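Taking it in order: structure first as structure tokens, then the write-up.
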Amino acid sequence: MTKKNIPYGHQWIDANDIKEVVKVLKSDWLTQGPKVEEFEKAVSKYCGSKYAVAVSSGTSALYLAYVVAGVKSGDEVITTPLTFAATANMITFCGAKPVFADVEEETLNINPKEIEKKISEKTKAIATVDFAGLPCDYKEIFEIAKKHNLLVIEDACHALGAEYRGKKIGSFTDMTILSFHPVKHITTGEGGMILTNNKDFYEKLKILTSHGMVKIPEKGAWYYEIENPSFNFRLTDIQCALGISQLKKIDKFLKRRREIVKIYGQAFKGIKNIVLPAENDHAKSAWHIFPIQVKNLDRKKVFEDLRHLGIGVQVHYMPLSLQPFYKKKFGYKEGDFPVAEKYYERAITLPLFPKMTDSDIKKVIKTVSGIIK
């Protein structure tokens, strides 16, 4: 019998999802058709934003948001070192410098006090990351942004469905970024979205999503002009049909994620060598991942033992300040961000996804507890 491996994350595709995709495959429009706008409107309505622009990935969404924010060569954008590479990589693709600010020990989100220290005359924006699905402390961040006339770009790729002070993410920052990768809350295979309440941003994003082409109907149905060349960042109708179907199940997905988190919390709270992730009073996490920290243990050995026993753990993330590119290009070094680095040295992400069965959950708890104890 083959041993069942439990991954840290996994999509949940059902018969209705497949049915909706097949409908599009049998239709006249595989891309640039009606499903794109339908998906944009559905996500916008769910999150409470005025506008939404669907794109090919969360990475594309970040890049476009930075471009529309006016980030260019010589600028600086303050962000967290504890994030997936795309958050900072896309800043560098605009010719700007990612200026890292350390995280809070409890939430693992960017520390507003550290943001304040990093602001300079070159700072153009603050790029927050809702780590593991928990929204940042936006009240304090907005105060800083307003004081220094900065935009706030929210990387919420972990956080679809999360809430901050009773409002869903996507409804209150200058631009909010979503990802629809298979391990995220809903999936389109690959895909992303930018949410905004700013009409000017929205119109620019729509143009830049498709080569920078601006159609001018009065000059002819075929006619378009390009003032600012861009790439093809479009999302297909095939993917959007899947996204629309998936979004209808988002509340069920979130409910199951929170059930699993509660079970984990009860099972592990008495184990002194485990530090559990936390929520707080003003934010409700969407629980994209469940990152624990193991204290006074060899993290690498614990990780390898869990993998060997079929628990597909992962680590989110090595601080970007420790990556060779950021060390060489910008001079970052070990010790620059002690809170993020301490977390990384102890971090292990446990499996968390809605399709986990009760027996999967029990296996994770039993295996982790056995190894840690």
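Lettering and numbering for the structure tokens are positional, with chains as A, B, ... in the shown order, residues counted from 1 in each chain, and ligands counted from 1 in the shown order.
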With 12 Å as the cut-off and only C-alpha atoms counted, what is the closest atom pair between each nearby residue of segment 148-211 of chain A and segment 101-114 of chain A? Distances in Å to one decimal, ordered by chain and number, as a Markdown table.
| residue | atom | partner | partner_atom | distance |
| --- | --- | --- | --- | --- |
| A:Glu154 | CA | A:Ile110 | CA | 11.4 |
| A:Asp155 | CA | A:Asn109 | CA | 11.4 |
| A:Ala156 | CA | A:Asn109 | CA | 11.7 |
| A:His158 | CA | A:Asn109 | CA | 11.9 |
Tell me, as a PDB file with N, CA and C atoms, in the first residue's frame, which residues lie within 6 Å of segment 301-317 of chain A, counting only C-alpha atoms; anything in the same chain fewer than 5 positions away does not count.
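This is the output file selection25.pdb:
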ATOM      1  N   ASN A   5       0.734  10.909   1.455  1.00  0.00           N
ATOM      2  CA  ASN A   5       1.398  12.132   1.872  1.00  0.00           C
ATOM      3  C   ASN A   5       0.380  13.262   1.926  1.00  0.00           C
ATOM      4  N   ILE A   6       0.393  14.032   2.988  1.00  0.00           N
ATOM      5  CA  ILE A   6      -0.526  15.154   3.150  1.00  0.00           C
ATOM      6  C   ILE A   6       0.232  16.441   2.819  1.00  0.00           C
ATOM      7  N   PRO A   7      -0.119  17.129   1.723  1.00  0.00           N
ATOM      8  CA  PRO A   7       0.596  18.347   1.354  1.00  0.00           C
ATOM      9  C   PRO A   7       0.247  19.501   2.294  1.00  0.00           C
ATOM     10  N   TYR A   8       1.043  20.566   2.254  1.00  0.00           N
ATOM     11  CA  TYR A   8       0.739  21.709   3.132  1.00  0.00           C
ATOM     12  C   TYR A   8      -0.455  22.502   2.614  1.00  0.00           C
ATOM     13  N   ILE A 348       8.035  26.166  10.692  1.00  0.00           N
ATOM     14  CA  ILE A 348       7.559  25.022   9.902  1.00  0.00           C
ATOM     15  C   ILE A 348       6.065  25.254   9.627  1.00  0.00           C
ATOM     16  N   THR A 349       5.679  25.177   8.365  1.00  0.00           N
ATOM     17  CA  THR A 349       4.272  25.331   7.999  1.00  0.00           C
ATOM     18  C   THR A 349       3.608  23.959   7.938  1.00  0.00           C
ATOM     19  N   LEU A 350       2.549  23.797   8.720  1.00  0.00           N
ATOM     20  CA  LEU A 350       1.806  22.529   8.749  1.00  0.00           C
ATOM     21  C   LEU A 350       0.705  22.519   7.680  1.00  0.00           C
TER      22      LEU A 350
END
Point to revise | Residues of segment 1-170 of chain A in helix (DSSP H, G or I), written as a ChimeraX atom specification | key: /A:15-25,34-47,58-68,85-93,112-118,131-133,138-148
Selected residues written out with C-alpha atoms, as a short mmCIF file (atom, residue, chain, number, x, y, z; two decimals), in the first residue's frame:
data_model
loop_
_atom_site.label_atom_id
_atom_site.label_comp_id
_atom_site.auth_asym_id
_atom_site.auth_seq_id
_atom_site.Cartn_x
_atom_site.Cartn_y
_atom_site.Cartn_z
CA ALA A 15 -17.95 18.76 -10.51
CA ASN A 16 -19.54 22.23 -10.66
CA ASP A 17 -16.13 23.84 -11.24
CA ILE A 18 -15.44 21.45 -14.11
CA LYS A 19 -18.92 22.01 -15.55
CA GLU A 20 -18.42 25.80 -15.65
CA VAL A 21 -15.03 25.47 -17.33
CA VAL A 22 -16.44 23.07 -19.94
CA LYS A 23 -19.18 25.60 -20.75
CA VAL A 24 -16.53 28.15 -21.66
CA LEU A 25 -14.54 25.60 -23.66
CA PRO A 34 -17.57 38.10 -20.78
CA LYS A 35 -16.35 35.81 -18.00
CA VAL A 36 -13.44 38.13 -17.19
CA GLU A 37 -15.64 41.06 -16.27
CA GLU A 38 -18.06 38.74 -14.47
CA PHE A 39 -15.23 37.42 -12.30
CA GLU A 40 -13.91 40.92 -11.61
CA LYS A 41 -17.35 42.11 -10.51
CA ALA A 42 -17.91 39.05 -8.33
CA VAL A 43 -14.63 39.47 -6.42
CA SER A 44 -15.11 43.23 -6.18
CA LYS A 45 -18.58 42.73 -4.69
CA TYR A 46 -17.34 40.11 -2.24
CA CYS A 47 -14.46 42.27 -1.00
CA GLY A 58 -0.40 37.68 -8.18
CA THR A 59 3.10 38.60 -9.36
CA SER A 60 1.65 40.43 -12.38
CA ALA A 61 -0.77 42.20 -10.07
CA LEU A 62 2.06 43.42 -7.86
CA TYR A 63 4.07 44.67 -10.81
CA LEU A 64 1.11 46.56 -12.29
CA ALA A 65 0.22 48.10 -8.93
CA TYR A 66 3.77 49.41 -8.50
CA VAL A 67 3.81 50.81 -12.04
CA VAL A 68 0.46 52.56 -11.60
CA ALA A 85 9.83 36.79 -3.44
CA ALA A 86 7.36 38.50 -5.79
CA THR A 87 6.52 41.29 -3.32
CA ALA A 88 10.06 42.66 -3.48
CA ASN A 89 11.12 41.28 -6.88
CA MET A 90 8.53 43.40 -8.67
CA ILE A 91 9.79 46.52 -6.89
CA THR A 92 13.23 45.85 -8.36
CA PHE A 93 11.72 45.32 -11.83
CA PRO A 112 4.63 50.07 11.87
CA LYS A 113 7.31 51.44 14.21
CA GLU A 114 9.97 49.97 11.92
CA ILE A 115 8.26 51.48 8.87
CA GLU A 116 8.55 54.95 10.39
CA LYS A 117 12.30 54.47 10.83
CA LYS A 118 12.84 53.57 7.16
CA PHE A 131 1.21 37.23 6.41
CA ALA A 132 -0.49 33.82 6.64
CA GLY A 133 -3.83 35.59 6.06
CA TYR A 138 -3.65 49.34 9.01
CA LYS A 139 -4.85 52.05 11.38
CA GLU A 140 -1.28 52.82 12.35
CA ILE A 141 0.07 52.24 8.83
CA PHE A 142 -2.47 54.65 7.31
CA GLU A 143 -1.48 57.32 9.81
CA ILE A 144 2.15 56.95 8.74
CA ALA A 145 1.22 56.95 5.03
CA LYS A 146 -0.92 60.07 5.38
CA LYS A 147 1.78 61.89 7.35
CA HIS A 148 4.35 61.25 4.62
#
**Study point:** Near-segment 328-334 of chain A list (10 Å; only C-alpha atoms; drop same-chain fewer than 5 positions) as number ranges by chain
**Key:** A: 92, 97-100, 319-323, 341
Review point. Which residue gives the smallest distance to Met193 of chain A among A:Thr80, A:Ala286, A:Val53, A:Leu208, with only C-alpha atoms counted?
Key: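 Closest to Met193 of chain A of all the choices is A:Val53.
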Practice item. Could you please determine the separation between atom CA of Gly191 of chain A and atom CA of Cys136 of chain A in Å, to one decimal place? Key: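 About the pair atom CA of Gly191 of chain A and atom CA of Cys136 of chain A: they are 23.4 Å apart.
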**Study point:** Residues near His288 of chain A, cut-off 12 Å, only C-alpha atoms, skip fewer than 3 positions along chain, as a PyMOL selection string
**Key:** chain A and resi 8-11+130-135+156-162+179-186+253-254+256-258+260-261+277+284-285+291+316+349-354
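Closest approach to Trp287 of chain A among A:Asp360, A:Asp28, A:Glu225, A:Glu163: A:Glu163, based on only C-alpha atoms.
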